[in-house]
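Chemist: Shown below is the structure under consideration.
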Amino acid sequence: MKKHKHILSMPKFLYVQAPEARPLPDDRSSPGLQPPPPQPQMPQQRDQSQQTESLHVNLSSHSIRQSTEKELKQQESSSQSKDSTSSNMSSGVEIPYPIDWIFPRLRNPSKLWFITSQFVITLVGLISKFVLVLMNKTKVHNKERLMKAVAKRPKGIPLVTVSNHYSCFDDPGIWGTLPIRYVCNTFRIRWSMAAHDICFTKKMHAMFFMYGKCIPVVRGHGVYQEAINLCIEKCALGHWVHVFPEGKVNMEKEDLRLKWGVGRIIYESPRIPIIVPMWHEGMDSVLPNVEPYKLHWGKKVTINIGEPLDLSAFVQGLKDTRVPEPVARKLITDKIQDAFRVLRSETERLHGERA
């Protein structure tokens with residue numbers, strides 16, 4: 001505990017939203033997608049502008065603007081958020097239990113919080129390991145990629161892991177494959193977003209998930225809500241944040257359009273995170289999505305860790321060329337979507353090849 005003393009006395013962190021990202025225009029307004037009007041250029045400026053053509057984004061491309069505007073309109077019906085303040089949690093989305101009190105505790109954990117969290121994380125970690133390793137037949141491909149990112153990334157560099165979401169046991173289940181020194185350590189294990197209407201419906205439930213390092217996300221409140229803000233703050237501190245970018249348990253296993261919250265987290269993080277995509281098959285057989293909701297034995301689970309995505313140059317290019325933030329987060333999310341599709345195909349093949 002002594003080596004974590006500096007963490008316990010960590011000063012209060014104040015999150016400042018990136019200047020490129022403002023609540024308006026946001027994902028509900030297509031005018032924010034238009035590039036600024038062209039200005040007369042000197043010869044030196046023309047040379048500089050030509051250098052930016054190497055970026056994989058061409059804002060003058062009609063196809064990008066058209067497709068992005070179309071997707072923004074599709075998300076308009078589900079986005080109720082106008083800004084990032086918790087006081088805006090009074091939209092049409094029903095909140096069964098008030099969650100405003102949770103964010104200050106997650107933002108500035110006390111010594112008592114860490115002690116209680118360590119107990120909860122240890123309990124859940126051991127259960128996850130028992131279920132995945134002993135109760136069922138789990139195989140992890142390229143595990144060293146995740147271990148390197150968790151244990152050996154440079155100090156202060158955040159980690160963002162992303163995965164598909166097929167079962168309510170995905171998190172914490174998949175972390176049961178990690179060594180005990182990580183899965184049972186509240187200082188090393190991930191922060192993860194959890195649905196407010198499932199995990200935070202009662203005080204006891206809210207307390208348990210809060211100490212389990214889960215951040216309540218309100219589905220339907222858009223990318224400027226407190227959960228996303230808090231994830232960005234944790235990235236600013238160099239922590240590990242896990243995201244299910246599908247935004248829900250994908251029971252039908254559809255090829256869903258990923259939510260853009262993950263794009264905002266990566267774009268606004270003061271330091272570009274290490275991004276590790278992963279895909280798993282068989283978790284919904286361990287804990288099916290139909291009643292009775294109980295854990296099963298002897299099921300086959302395959303977890304595949306993808307190559308880390310280095311988006312540092314790409315994200316910096318978006319900022320340097322002043323790409324509108326709604327477009328930037330979409331393009332970042334597209335990179336993750338592309339990695340998901342490749343990883344899914346590979347993992348399904350590996351899972352099918354197992355006896």
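In the structure tokens, the first chain shown is A, the next is B, and so on; residue numbers restart at 1 for each chain, and ligands run from 1 in the order shown.
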Skip Val342 in chain A itself and residues of its chain fewer than 5 positions away, then list as a list in words all residues within 10 Å of it, counting only C-alpha atoms.

Modeler: Trp279, Gly306, Gln337 and Thr347 of chain A

Chemist: Would you mind exporting N, CA, C and O atoms of the selected residues as a short mmCIF file (atom, residue, chain, number, x, y, z; two decimals), in the first residue's frame?

Modeler:
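Saved result, part13.cif, follows:
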```cif
data_model
loop_
_atom_site.label_atom_id
_atom_site.label_comp_id
_atom_site.auth_asym_id
_atom_site.auth_seq_id
_atom_site.Cartn_x
_atom_site.Cartn_y
_atom_site.Cartn_z
N TRP A 279 -11.61 -8.99 -29.43
CA TRP A 279 -12.88 -9.61 -29.81
C TRP A 279 -12.98 -10.95 -29.08
O TRP A 279 -11.97 -11.62 -28.88
N GLY A 306 -6.19 -7.86 -30.47
CA GLY A 306 -5.70 -7.31 -31.72
C GLY A 306 -4.42 -6.50 -31.56
O GLY A 306 -3.98 -6.21 -30.45
N GLN A 337 -13.73 0.76 -35.95
CA GLN A 337 -14.70 -0.09 -36.64
C GLN A 337 -13.99 -1.00 -37.64
O GLN A 337 -14.28 -2.20 -37.73
N THR A 347 -11.39 -13.98 -35.26
CA THR A 347 -11.77 -14.65 -34.01
C THR A 347 -12.85 -15.70 -34.25
O THR A 347 -12.81 -16.79 -33.65
#
```

Chemist: Residues of range 99-206 of chain A that have any atom at most 10 Å from an atom of range 247-251 of chain A: could you tabulate them with the shortest-distance atom pair and the distance in Å to one decimal, using only C-alpha atoms, ordered by chain and increasing number, as a tab-separated table?

Modeler:
```
residue	atom	partner	partner_atom	distance
A:Asn164	CA	A:Asn250	CA	7.9
A:His165	CA	A:Val249	CA	5.1
A:Tyr166	CA	A:Asn250	CA	5.2
A:Ser167	CA	A:Val249	CA	6.0
A:Cys168	CA	A:Val249	CA	6.9
A:Asp170	CA	A:Val249	CA	9.3
A:Met193	CA	A:Gly247	CA	9.7
A:Ala194	CA	A:Lys248	CA	9.5
A:Ala195	CA	A:Lys248	CA	8.2
```

Chemist: What does the structure give for the distance between CA of Arg153 in chain A and CA of Ile272 in chain A, in Å to one decimal?

Modeler: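 It comes out at 12.4 Å.
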
Chemist: If we count only C-alpha atoms and set the cut-off at 10 Å, which residues sit around range 348-355 of chain A, ignoring sequence neighbours fewer than 3 positions away in its own chain? Please answer as a count of residues only.

Modeler: 14

Chemist: Please provide the set of residues having any atom within 9 Å of range 205-215 of chain A, restricted to only C-alpha atoms, with same-chain residues fewer than 2 positions apart removed, written as a VMD selection string.

Modeler: chain A and resid 97 99 102 to 103 105 to 106 113 to 114 116 to 121 124 186 189 to 196 199 to 203 217 227 to 228 230 to 231

Chemist: Write a file of the selected residues as a short mmCIF file (atom, residue, chain, number, x, y, z; two decimals), in the first residue's frame, keeping C-alpha atoms.

Modeler:
```
data_model
loop_
_atom_site.label_atom_id
_atom_site.label_comp_id
_atom_site.auth_asym_id
_atom_site.auth_seq_id
_atom_site.Cartn_x
_atom_site.Cartn_y
_atom_site.Cartn_z
CA TYR A 97 -31.93 5.97 -9.39
CA ILE A 99 -26.40 8.95 -9.99
CA ILE A 102 -21.31 8.93 -7.81
CA PHE A 103 -19.17 11.12 -10.08
CA ARG A 105 -16.48 9.98 -5.54
CA LEU A 106 -15.04 8.47 -8.70
CA TRP A 113 -12.85 4.35 -1.23
CA PHE A 114 -9.59 2.65 -2.26
CA THR A 116 -13.36 -0.79 -0.20
CA SER A 117 -12.62 -0.87 -3.90
CA GLN A 118 -9.70 -3.22 -3.33
CA PHE A 119 -12.01 -5.63 -1.52
CA VAL A 120 -14.64 -5.52 -4.31
CA ILE A 121 -12.07 -5.78 -7.12
CA VAL A 124 -14.89 -9.96 -8.51
CA THR A 186 -7.73 -1.80 -7.92
CA ILE A 189 -7.48 -2.86 -13.31
CA ARG A 190 -9.56 -0.91 -15.82
CA TRP A 191 -12.20 1.77 -15.46
CA SER A 192 -15.29 0.74 -17.38
CA MET A 193 -18.58 2.34 -18.34
CA ALA A 194 -21.74 0.52 -17.21
CA ALA A 195 -25.38 1.16 -18.09
CA HIS A 196 -27.13 3.28 -15.47
CA CYS A 199 -26.07 -1.52 -12.79
CA PHE A 200 -27.12 1.63 -10.91
CA THR A 201 -30.80 1.08 -10.13
CA LYS A 202 -30.49 0.86 -6.33
CA LYS A 203 -28.13 2.28 -3.75
CA VAL A 217 -23.33 5.95 -18.58
CA ALA A 227 -19.44 9.45 -18.08
CA ILE A 228 -17.46 10.43 -21.17
CA LEU A 230 -14.81 11.19 -16.54
CA CYS A 231 -13.25 8.69 -18.94
#
```

Chemist: If you run DSSP over the backbone, which residues in range 89-269 of chain A end up strand (DSSP E or B)? Put them as a list in words.

Modeler: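 Listing strand (DSSP E or B) positions across range 89-269 of chain A yields Lys137, Thr138, Lys139, Val140, His141, Leu159, Val160, Thr161, Val162, Ser163, Trp191, Ser192, Met193, Ala194, Ala195, Cys214, Ile215, Pro216, Val217, Trp240, Val241, His242 and Val243 of chain A.
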
Chemist: Suppose we keep N, CA and C atoms; can you now write the selection as a PDB file, in the first residue's frame?

Modeler:
```pdb
ATOM      1  N   LYS A 137     -13.737 -23.510 -20.745  1.00  0.00           N
ATOM      2  CA  LYS A 137     -12.526 -23.723 -21.534  1.00  0.00           C
ATOM      3  C   LYS A 137     -12.229 -22.461 -22.338  1.00  0.00           C
ATOM      4  N   THR A 138     -11.357 -21.635 -21.785  1.00  0.00           N
ATOM      5  CA  THR A 138     -11.062 -20.331 -22.383  1.00  0.00           C
ATOM      6  C   THR A 138      -9.670 -20.329 -23.005  1.00  0.00           C
ATOM      7  N   LYS A 139      -9.602 -19.834 -24.224  1.00  0.00           N
ATOM      8  CA  LYS A 139      -8.315 -19.705 -24.922  1.00  0.00           C
ATOM      9  C   LYS A 139      -8.135 -18.247 -25.331  1.00  0.00           C
ATOM     10  N   VAL A 140      -6.983 -17.696 -24.976  1.00  0.00           N
ATOM     11  CA  VAL A 140      -6.679 -16.292 -25.292  1.00  0.00           C
ATOM     12  C   VAL A 140      -5.567 -16.249 -26.332  1.00  0.00           C
ATOM     13  N   HIS A 141      -5.828 -15.605 -27.445  1.00  0.00           N
ATOM     14  CA  HIS A 141      -4.825 -15.436 -28.495  1.00  0.00           C
ATOM     15  C   HIS A 141      -4.165 -14.065 -28.353  1.00  0.00           C
ATOM     16  N   LEU A 159      -4.352   3.916 -21.482  1.00  0.00           N
ATOM     17  CA  LEU A 159      -4.707   2.742 -22.277  1.00  0.00           C
ATOM     18  C   LEU A 159      -6.213   2.722 -22.463  1.00  0.00           C
ATOM     19  N   VAL A 160      -6.658   2.564 -23.704  1.00  0.00           N
ATOM     20  CA  VAL A 160      -8.074   2.395 -24.007  1.00  0.00           C
ATOM     21  C   VAL A 160      -8.238   1.051 -24.702  1.00  0.00           C
ATOM     22  N   THR A 161      -8.951   0.142 -24.057  1.00  0.00           N
ATOM     23  CA  THR A 161      -9.283  -1.133 -24.687  1.00  0.00           C
ATOM     24  C   THR A 161     -10.731  -1.081 -25.166  1.00  0.00           C
ATOM     25  N   VAL A 162     -10.988  -1.717 -26.277  1.00  0.00           N
ATOM     26  CA  VAL A 162     -12.339  -1.752 -26.844  1.00  0.00           C
ATOM     27  C   VAL A 162     -12.656  -3.190 -27.236  1.00  0.00           C
ATOM     28  N   SER A 163     -13.888  -3.596 -27.024  1.00  0.00           N
ATOM     29  CA  SER A 163     -14.276  -4.962 -27.386  1.00  0.00           C
ATOM     30  C   SER A 163     -15.748  -5.015 -27.728  1.00  0.00           C
ATOM     31  N   TRP A 191     -10.942   1.064 -15.684  1.00  0.00           N
ATOM     32  CA  TRP A 191     -12.199   1.766 -15.459  1.00  0.00           C
ATOM     33  C   TRP A 191     -13.110   1.358 -16.608  1.00  0.00           C
ATOM     34  N   SER A 192     -14.388   1.196 -16.340  1.00  0.00           N
ATOM     35  CA  SER A 192     -15.294   0.742 -17.383  1.00  0.00           C
ATOM     36  C   SER A 192     -16.649   1.422 -17.239  1.00  0.00           C
ATOM     37  N   MET A 193     -17.253   1.757 -18.368  1.00  0.00           N
ATOM     38  CA  MET A 193     -18.584   2.340 -18.336  1.00  0.00           C
ATOM     39  C   MET A 193     -19.636   1.241 -18.236  1.00  0.00           C
ATOM     40  N   ALA A 194     -20.663   1.493 -17.413  1.00  0.00           N
ATOM     41  CA  ALA A 194     -21.739   0.519 -17.208  1.00  0.00           C
ATOM     42  C   ALA A 194     -23.078   1.236 -17.309  1.00  0.00           C
ATOM     43  N   ALA A 195     -24.072   0.560 -17.863  1.00  0.00           N
ATOM     44  CA  ALA A 195     -25.385   1.161 -18.090  1.00  0.00           C
ATOM     45  C   ALA A 195     -26.053   1.547 -16.772  1.00  0.00           C
ATOM     46  N   CYS A 214     -16.678   1.102 -12.011  1.00  0.00           N
ATOM     47  CA  CYS A 214     -17.605   1.254 -13.124  1.00  0.00           C
ATOM     48  C   CYS A 214     -18.169   2.676 -13.122  1.00  0.00           C
ATOM     49  N   ILE A 215     -18.264   3.267 -14.290  1.00  0.00           N
ATOM     50  CA  ILE A 215     -18.745   4.635 -14.460  1.00  0.00           C
ATOM     51  C   ILE A 215     -20.135   4.578 -15.079  1.00  0.00           C
ATOM     52  N   PRO A 216     -21.161   5.170 -14.436  1.00  0.00           N
ATOM     53  CA  PRO A 216     -22.523   5.081 -14.976  1.00  0.00           C
ATOM     54  C   PRO A 216     -22.695   5.922 -16.237  1.00  0.00           C
ATOM     55  N   VAL A 217     -23.072   5.265 -17.310  1.00  0.00           N
ATOM     56  CA  VAL A 217     -23.328   5.949 -18.577  1.00  0.00           C
ATOM     57  C   VAL A 217     -24.823   5.908 -18.865  1.00  0.00           C
ATOM     58  N   TRP A 240      -6.187   3.153 -17.279  1.00  0.00           N
ATOM     59  CA  TRP A 240      -6.749   2.223 -18.266  1.00  0.00           C
ATOM     60  C   TRP A 240      -8.258   2.359 -18.267  1.00  0.00           C
ATOM     61  N   VAL A 241      -8.834   2.610 -19.443  1.00  0.00           N
ATOM     62  CA  VAL A 241     -10.285   2.742 -19.608  1.00  0.00           C
ATOM     63  C   VAL A 241     -10.750   1.720 -20.640  1.00  0.00           C
ATOM     64  N   HIS A 242     -11.771   0.948 -20.266  1.00  0.00           N
ATOM     65  CA  HIS A 242     -12.340  -0.005 -21.225  1.00  0.00           C
ATOM     66  C   HIS A 242     -13.693   0.506 -21.723  1.00  0.00           C
ATOM     67  N   VAL A 243     -13.924   0.340 -23.027  1.00  0.00           N
ATOM     68  CA  VAL A 243     -15.152   0.836 -23.653  1.00  0.00           C
ATOM     69  C   VAL A 243     -15.778  -0.278 -24.489  1.00  0.00           C
TER      70      VAL A 243
END
```

Chemist: What does the distance from CA of Asn136 in chain A to CA of Pro292 in chain A come to in Å, to one decimal?

Modeler: 18.5 Å

Chemist: Assign secondary structure with DSSP using the backbone only, and return the residues of range 153-216 of chain A in alpha helix (DSSP H) as a ChimeraX atom specification.

Modeler: /A:170-173,180-183,196-199,203-211

Chemist: List as an MDAnalysis selection string the protein and nucleic acid residues near Lys155 in chain A, meaning an atom at most 12 Å away when only C-alpha atoms are counted, but skip any in the same chain fewer than 4 places from it.

Modeler: chainID A and resid 149:151 159 235:240 271 273:274

Chemist: What does the structure give for the distance between CA of Val133 in chain A and CA of Ile115 in chain A, in Å to one decimal?

Modeler: 26.7 Å

Chemist: Name the residues in contact with Leu287 in chain A at a cut-off of 7 Å, using only C-alpha atoms, excluding same-chain residues fewer than 3 positions from it; report them as a PyMOL selection string.

Modeler: chain A and resi 167+169+283-284+293-296

Chemist: For the residues in the current selection, export all heavy atoms as a compact mmCIF listing (two decimals), in the first residue's frame.

Modeler:
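Here's the written file result.txt:
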```txt
# COMPACT_ATOMS: atom_id res chain seq x y z
N SER A 167 -22.41 -10.34 -23.91
CA SER A 167 -22.98 -10.87 -22.68
C SER A 167 -22.78 -9.89 -21.53
O SER A 167 -21.83 -9.10 -21.54
CB SER A 167 -22.33 -12.22 -22.34
OG SER A 167 -22.63 -12.63 -21.02
N PHE A 169 -21.69 -10.67 -18.84
CA PHE A 169 -20.52 -11.13 -18.10
C PHE A 169 -19.21 -10.78 -18.81
O PHE A 169 -18.14 -11.12 -18.34
CB PHE A 169 -20.60 -12.64 -17.85
CG PHE A 169 -19.61 -13.15 -16.83
CD1 PHE A 169 -19.69 -12.74 -15.51
CD2 PHE A 169 -18.60 -14.03 -17.19
CE1 PHE A 169 -18.77 -13.19 -14.57
CE2 PHE A 169 -17.69 -14.49 -16.26
CZ PHE A 169 -17.77 -14.07 -14.94
N MET A 283 -18.78 -15.93 -24.89
CA MET A 283 -19.14 -15.40 -23.57
C MET A 283 -20.64 -15.49 -23.32
O MET A 283 -21.08 -15.66 -22.18
CB MET A 283 -18.67 -13.95 -23.45
CG MET A 283 -17.17 -13.78 -23.34
SD MET A 283 -16.47 -14.47 -21.83
CE MET A 283 -17.18 -13.38 -20.62
N ASP A 284 -21.44 -15.39 -24.38
CA ASP A 284 -22.89 -15.48 -24.21
C ASP A 284 -23.35 -16.91 -23.95
O ASP A 284 -24.52 -17.13 -23.58
CB ASP A 284 -23.61 -14.91 -25.43
CG ASP A 284 -23.17 -15.56 -26.72
OD1 ASP A 284 -21.96 -15.83 -26.88
OD2 ASP A 284 -24.02 -15.81 -27.59
N TYR A 293 -30.94 -16.45 -15.83
CA TYR A 293 -29.61 -15.87 -15.98
C TYR A 293 -28.65 -16.52 -14.96
O TYR A 293 -28.53 -16.08 -13.84
CB TYR A 293 -29.67 -14.36 -15.76
CG TYR A 293 -30.61 -13.66 -16.71
CD1 TYR A 293 -31.80 -13.11 -16.24
CD2 TYR A 293 -30.32 -13.56 -18.06
CE1 TYR A 293 -32.66 -12.46 -17.12
CE2 TYR A 293 -31.18 -12.93 -18.94
CZ TYR A 293 -32.36 -12.37 -18.46
OH TYR A 293 -33.21 -11.74 -19.33
N LYS A 294 -28.01 -17.59 -15.39
CA LYS A 294 -27.06 -18.27 -14.50
C LYS A 294 -25.84 -18.71 -15.28
O LYS A 294 -25.91 -18.98 -16.49
CB LYS A 294 -27.72 -19.46 -13.82
CG LYS A 294 -28.18 -20.55 -14.76
CD LYS A 294 -28.80 -21.72 -13.98
CE LYS A 294 -29.22 -22.85 -14.91
NZ LYS A 294 -29.79 -23.99 -14.15
N LEU A 295 -24.71 -18.76 -14.60
CA LEU A 295 -23.45 -19.13 -15.22
C LEU A 295 -23.42 -20.61 -15.56
O LEU A 295 -23.92 -21.44 -14.80
CB LEU A 295 -22.29 -18.79 -14.28
CG LEU A 295 -22.09 -17.29 -14.00
CD1 LEU A 295 -21.12 -17.09 -12.84
CD2 LEU A 295 -21.58 -16.57 -15.24
N HIS A 296 -22.83 -20.96 -16.71
CA HIS A 296 -22.76 -22.33 -17.18
C HIS A 296 -21.33 -22.87 -17.09
O HIS A 296 -20.37 -22.11 -17.01
CB HIS A 296 -23.26 -22.41 -18.62
CG HIS A 296 -24.74 -22.20 -18.75
ND1 HIS A 296 -25.44 -22.52 -19.89
CD2 HIS A 296 -25.66 -21.70 -17.89
CE1 HIS A 296 -26.72 -22.23 -19.73
NE2 HIS A 296 -26.87 -21.72 -18.52
```
